[in-house]
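Comments concern the structure below.
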Amino acid sequence: MKVATIGIGNAGSKVVDAFLEMYEETGRDVVSDAFALNTAESDLSVLQHVPDSKQILLTSHDMRASGTGNKPELGAELMQSNLTVVKNALASIPLHDTDALMVVASLGGGTGSGGAPILADQLREWYDVPVFGFGILPNEHGHLEFNAARSFMDFGKTTDNLFVVDNARYLSADESIRDNYRRINRDIAKKWVTFLSAGEQSSDGAEMYVDAADLFAVLEMGGVSVLGYAAQEVEPANKGGLIDKFRTNGDAVDRNVLSRKLVDTVKSATQNLTTEADLKTAEGVVLLVTGPSDELTQRGIDQARQYLQELTGAQRIAHGDDPRVDHGEMAAAILFTNVGNARRIDELKQRGKTAKQEIERRREERASKHRTMFTDPDDDLGSLL
């Protein structure tokens with residue numbers, strides 16, 4: 001599946017940049033076009049893969065191009081006032097080679113959380129292709145959770161499917177902030193580029209090709225989707241072969257062993273989700289396994305599919321293989337769509353409500369301090385105003 005990716009804000013733009021970087025490294029041609037929209041000129045300047053011509057600065061006459069200060073209302077206002085500029089820039093999207101549009105944004109800041117729902121809503125009016133949201137949940141607490149809770153609800157209403165990624169699941173205490181986010185962006189890009197390669201014909205000959213119609217039949221269920229991903233190293237064969245073929249390096253490999261390895265990889269993927277969710281509530285599933293062709297057994301994929309059916313009870317499961325000659329790992333990417341229960345989302349909403357109450361309390365406390373500091377109860381001092 002080919003998507004035109006549109007990153008909004010600092011985090012969203014950097015994830016799109018990582019998508020292009022991963023394409024260059026893997027050769028998986030899943031991005032038909034890529035754009036970065038931001039209100040801070042300095043944030044756009046650090047992008048390495050999104051072309052300058054695809055970088056759009058959202059600004060106005062009465063503000064400097066220095067960001068929104070984590071104010072989603074300002075992000076929404078700037079997106080609304082720049083819609084004509086954005087529409088003209090997006091006119092270069094090769095719609096003949098684009099299956100869907102994907103709006104990528106962090107939901108905790110200002111530009112992305114405020115601007116993403118506005119743009120997604122417009123894209124559904126401008127184009128006759130699905131519009132997917134890619135929402136990144138913040139790991140910080142306080143007002144960013146309040147921002148994210150509001151943006152999450154609006155983003156979900158204005159997209160055909162909302163892919164959710166929880167940054168907190170990727171953080172490492174042993175890395176600097178910069179290294180953390182660079183690794184997170186690359187990790188996110190690797191997983192989603194692998195998944196998006198579903199529906200694309202492999203040059204190495206997929207035996208169970210995921211038809212685009214099957215893929216969209218799952219995605220059109222809408223709601224919230226989470227991605228599971230796992231990979232394990234394998235010794236690549238010297239040459240490719242058909243599914244269920246024995247290894248050609250002189251030693252035949254028991255296909256039962258290969259099948260168990262594939263199923264174990266799929267099971268691991270269900271434990272490694274982009275955000276915590278109750279998979280029993282998923283209505284649709286898309287499974288894509290990739291790796292050396294002689295490692296991908298028919299029996300393993302059938303057993304993996306049966307496992308996912310029992311785990312979720314999903315109405316529809318699309319599955320396929322993506323063989324890669326001389327690939328050094330076997331990987332499973334699984335999308336669970338229209339998930340009905342996600343503890344992290346429920347927690348985010350509740351913490352957002354608490355944060356809102358705290359913001360209002362502090363606002364009133366601040367106003368009280370100002371009244372005390374800048375007024376004279378006895379009115380003996382007088383005023384110059």
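Residue numbering restarts at 1 for every chain of the structure tokens, chains are lettered A, B, ... in their displayed order, and ligands are numbered from 1 as they appear.
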
Contact residues around region 185-199 of chain A with only C-alpha atoms at 7 Å, ignoring same-chain residues under 6 positions, as JSON, numbers by chain: {"A": [1, 15, 18, 19, 22, 28, 30, 209, 210, 211, 212, 215, 229, 288, 333]}

Generate a file of the selected residues that holds N, CA, C and O atoms, formatted as an mmCIF file, in the first residue's frame.
data_model
loop_
_atom_site.group_PDB
_atom_site.id
_atom_site.type_symbol
_atom_site.label_atom_id
_atom_site.label_comp_id
_atom_site.auth_asym_id
_atom_site.auth_seq_id
_atom_site.Cartn_x
_atom_site.Cartn_y
_atom_site.Cartn_z
ATOM 1 N N MET A 1 0.842 -1.186 0.000
ATOM 2 C CA MET A 1 0.000 0.000 0.000
ATOM 3 C C MET A 1 0.882 1.243 0.000
ATOM 4 O O MET A 1 1.799 1.360 0.809
ATOM 5 N N VAL A 15 8.974 11.997 12.183
ATOM 6 C CA VAL A 15 8.573 10.618 11.885
ATOM 7 C C VAL A 15 8.475 10.419 10.376
ATOM 8 O O VAL A 15 8.930 9.404 9.836
ATOM 9 N N ALA A 18 11.819 10.028 9.053
ATOM 10 C CA ALA A 18 12.324 8.680 9.325
ATOM 11 C C ALA A 18 11.720 7.661 8.362
ATOM 12 O O ALA A 18 12.378 6.683 7.988
ATOM 13 N N PHE A 19 10.472 7.870 7.937
ATOM 14 C CA PHE A 19 9.856 7.004 6.932
ATOM 15 C C PHE A 19 10.698 7.009 5.659
ATOM 16 O O PHE A 19 10.976 5.958 5.063
ATOM 17 N N MET A 22 13.982 5.204 6.139
ATOM 18 C CA MET A 22 13.815 3.751 6.136
ATOM 19 C C MET A 22 13.582 3.228 4.729
ATOM 20 O O MET A 22 14.052 2.138 4.378
ATOM 21 N N ARG A 28 11.827 -0.480 0.433
ATOM 22 C CA ARG A 28 10.372 -0.675 0.432
ATOM 23 C C ARG A 28 9.705 0.632 0.010
ATOM 24 O O ARG A 28 9.629 1.582 0.770
ATOM 25 N N VAL A 30 6.922 2.463 -0.193
ATOM 26 C CA VAL A 30 5.551 2.571 0.297
ATOM 27 C C VAL A 30 5.092 4.018 0.447
ATOM 28 O O VAL A 30 3.929 4.267 0.748
ATOM 29 N N TYR A 209 -0.148 -13.320 -1.369
ATOM 30 C CA TYR A 209 -0.174 -11.871 -1.545
ATOM 31 C C TYR A 209 -1.400 -11.272 -0.884
ATOM 32 O O TYR A 209 -2.519 -11.760 -1.061
ATOM 33 N N VAL A 210 -1.202 -10.211 -0.076
ATOM 34 C CA VAL A 210 -2.328 -9.508 0.542
ATOM 35 C C VAL A 210 -2.952 -8.595 -0.503
ATOM 36 O O VAL A 210 -2.343 -7.597 -0.908
ATOM 37 N N ASP A 211 -4.121 -8.931 -0.938
ATOM 38 C CA ASP A 211 -4.798 -8.121 -1.933
ATOM 39 C C ASP A 211 -5.194 -6.779 -1.319
ATOM 40 O O ASP A 211 -5.604 -6.706 -0.167
ATOM 41 N N ALA A 212 -5.050 -5.706 -2.095
ATOM 42 C CA ALA A 212 -5.365 -4.368 -1.593
ATOM 43 C C ALA A 212 -6.812 -4.276 -1.138
ATOM 44 O O ALA A 212 -7.124 -3.595 -0.145
ATOM 45 N N LEU A 215 -7.012 -5.688 2.291
ATOM 46 C CA LEU A 215 -6.378 -4.768 3.235
ATOM 47 C C LEU A 215 -7.323 -3.632 3.609
ATOM 48 O O LEU A 215 -7.525 -3.323 4.785
ATOM 49 N N TYR A 229 4.593 -5.808 16.481
ATOM 50 C CA TYR A 229 5.761 -6.086 15.634
ATOM 51 C C TYR A 229 6.796 -6.867 16.432
ATOM 52 O O TYR A 229 7.049 -6.590 17.617
ATOM 53 N N LEU A 288 1.270 -9.630 8.314
ATOM 54 C CA LEU A 288 2.283 -9.710 7.261
ATOM 55 C C LEU A 288 3.555 -10.289 7.874
ATOM 56 O O LEU A 288 4.075 -9.757 8.850
ATOM 57 N N ALA A 333 4.514 -8.247 11.267
ATOM 58 C CA ALA A 333 3.827 -6.980 11.537
ATOM 59 C C ALA A 333 2.330 -7.260 11.508
ATOM 60 O O ALA A 333 1.823 -7.801 10.522
#

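Proximity to region 267-279 of chain A at 8 Å, evaluated using only C-alpha atoms and with sequence-adjacent residues fewer than 5 positions away removed, yields Val164, Val165, Asp166, Arg169, Val226, Leu227, Gly228, Tyr229, Ala230, Ala231, Ala304, Leu311, Thr312, Ala332, Ala333, Ile334, Phe336, Val339, Gly340, Asn341, Ala342, Arg343 and Arg344 of chain A.
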
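Between Lys356 (chain A) and the candidates A:Asn256, A:Asn147, A:Thr159, A:Thr26, the tightest atom-to-atom separation, counting only C-alpha atoms, involves A:Asn147.
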
A straight line from CA of Arg260 (chain A) to CA of Leu296 (chain A) spans 10.5 Å

Asn338 (chain A): which residues within 7 Å, counting only C-alpha atoms, same-chain residues fewer than 5 positions away excluded, as a ChimeraX atom specification? /A:221-225,282-284

Just write the chosen residues, C-alpha atoms, as a CSV table (one decimal), in the first residue's frame.
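The resulting file, out-v8.csv, is shown below:
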chain,number,residue,atom,x,y,z
A,221,MET,CA,-13.7,-0.7,9.9
A,222,GLY,CA,-12.2,2.5,11.3
A,223,GLY,CA,-11.7,3.2,14.9
A,224,VAL,CA,-8.4,2.9,16.7
A,225,SER,CA,-5.7,0.6,15.3
A,282,ALA,CA,-10.2,-6.0,17.7
A,283,GLU,CA,-12.6,-6.4,14.9
A,284,GLY,CA,-10.1,-6.8,12.1

Could you give me, as an MDAnalysis selection string, each residue of region 81-318 of chain A that DSSP assigns to alpha helix (DSSP H) when run on this structure's backbone? chainID A and resid 81 83:90 111:126 143:157 177:196 212:219 255:270 298:312

Pairwise distance, CA of Gly135 (chain A) with CA of Arg316 (chain A), equals 24.0 Å

What's the 9 Å shell around Ile8 (chain A), counting only C-alpha atoms, without same-chain residues fewer than 4 positions away, as JSON, numbers by chain? {"A": [12, 13, 35, 36, 37, 38, 39, 103, 104, 105, 106, 111, 112, 113, 115, 116]}

How about saving the chosen residues, N, CA and C atoms kept, as a PDB file, in the first residue's frame?
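Generated file (selection_16.pdb):
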ATOM      1  N   GLY A  12       5.712  14.943  14.312  1.00  0.00           N
ATOM      2  CA  GLY A  12       5.132  14.351  13.108  1.00  0.00           C
ATOM      3  C   GLY A  12       6.041  14.474  11.906  1.00  0.00           C
ATOM      4  N   SER A  13       6.686  15.635  11.758  1.00  0.00           N
ATOM      5  CA  SER A  13       7.591  15.850  10.624  1.00  0.00           C
ATOM      6  C   SER A  13       8.811  14.938  10.711  1.00  0.00           C
ATOM      7  N   PHE A  35       5.404  15.180   3.066  1.00  0.00           N
ATOM      8  CA  PHE A  35       5.385  16.605   3.374  1.00  0.00           C
ATOM      9  C   PHE A  35       5.619  16.815   4.862  1.00  0.00           C
ATOM     10  N   ALA A  36       6.148  17.973   5.192  1.00  0.00           N
ATOM     11  CA  ALA A  36       6.329  18.368   6.587  1.00  0.00           C
ATOM     12  C   ALA A  36       5.738  19.752   6.771  1.00  0.00           C
ATOM     13  N   LEU A  37       4.787  19.881   7.701  1.00  0.00           N
ATOM     14  CA  LEU A  37       4.129  21.152   7.986  1.00  0.00           C
ATOM     15  C   LEU A  37       4.465  21.542   9.423  1.00  0.00           C
ATOM     16  N   ASN A  38       4.922  22.766   9.604  1.00  0.00           N
ATOM     17  CA  ASN A  38       5.285  23.183  10.951  1.00  0.00           C
ATOM     18  C   ASN A  38       5.120  24.684  11.117  1.00  0.00           C
ATOM     19  N   THR A  39       5.017  25.105  12.372  1.00  0.00           N
ATOM     20  CA  THR A  39       4.924  26.523  12.684  1.00  0.00           C
ATOM     21  C   THR A  39       6.258  27.098  13.145  1.00  0.00           C
ATOM     22  N   VAL A 103      -1.872  11.329   7.893  1.00  0.00           N
ATOM     23  CA  VAL A 103      -1.497  12.530   8.638  1.00  0.00           C
ATOM     24  C   VAL A 103      -0.821  12.088   9.929  1.00  0.00           C
ATOM     25  N   VAL A 104       0.423  12.515  10.129  1.00  0.00           N
ATOM     26  CA  VAL A 104       1.236  12.072  11.265  1.00  0.00           C
ATOM     27  C   VAL A 104       1.447  13.249  12.219  1.00  0.00           C
ATOM     28  N   ALA A 105       1.147  13.047  13.501  1.00  0.00           N
ATOM     29  CA  ALA A 105       1.302  14.148  14.459  1.00  0.00           C
ATOM     30  C   ALA A 105       1.411  13.620  15.870  1.00  0.00           C
ATOM     31  N   SER A 106       2.161  14.343  16.683  1.00  0.00           N
ATOM     32  CA  SER A 106       2.131  14.122  18.120  1.00  0.00           C
ATOM     33  C   SER A 106       0.894  14.813  18.664  1.00  0.00           C
ATOM     34  N   THR A 111       1.167  22.409  17.558  1.00  0.00           N
ATOM     35  CA  THR A 111       0.962  22.411  16.106  1.00  0.00           C
ATOM     36  C   THR A 111       0.290  21.138  15.633  1.00  0.00           C
ATOM     37  N   GLY A 112       0.815  19.987  16.057  1.00  0.00           N
ATOM     38  CA  GLY A 112       0.260  18.714  15.615  1.00  0.00           C
ATOM     39  C   GLY A 112      -1.102  18.424  16.215  1.00  0.00           C
ATOM     40  N   SER A 113      -1.223  18.593  17.528  1.00  0.00           N
ATOM     41  CA  SER A 113      -2.485  18.240  18.187  1.00  0.00           C
ATOM     42  C   SER A 113      -3.628  19.130  17.726  1.00  0.00           C
ATOM     43  N   GLY A 115      -3.494  21.115  14.747  1.00  0.00           N
ATOM     44  CA  GLY A 115      -3.593  21.184  13.290  1.00  0.00           C
ATOM     45  C   GLY A 115      -4.000  19.900  12.605  1.00  0.00           C
ATOM     46  N   ALA A 116      -3.626  18.738  13.171  1.00  0.00           N
ATOM     47  CA  ALA A 116      -3.890  17.468  12.506  1.00  0.00           C
ATOM     48  C   ALA A 116      -5.377  17.197  12.282  1.00  0.00           C
TER      49      ALA A 116
END
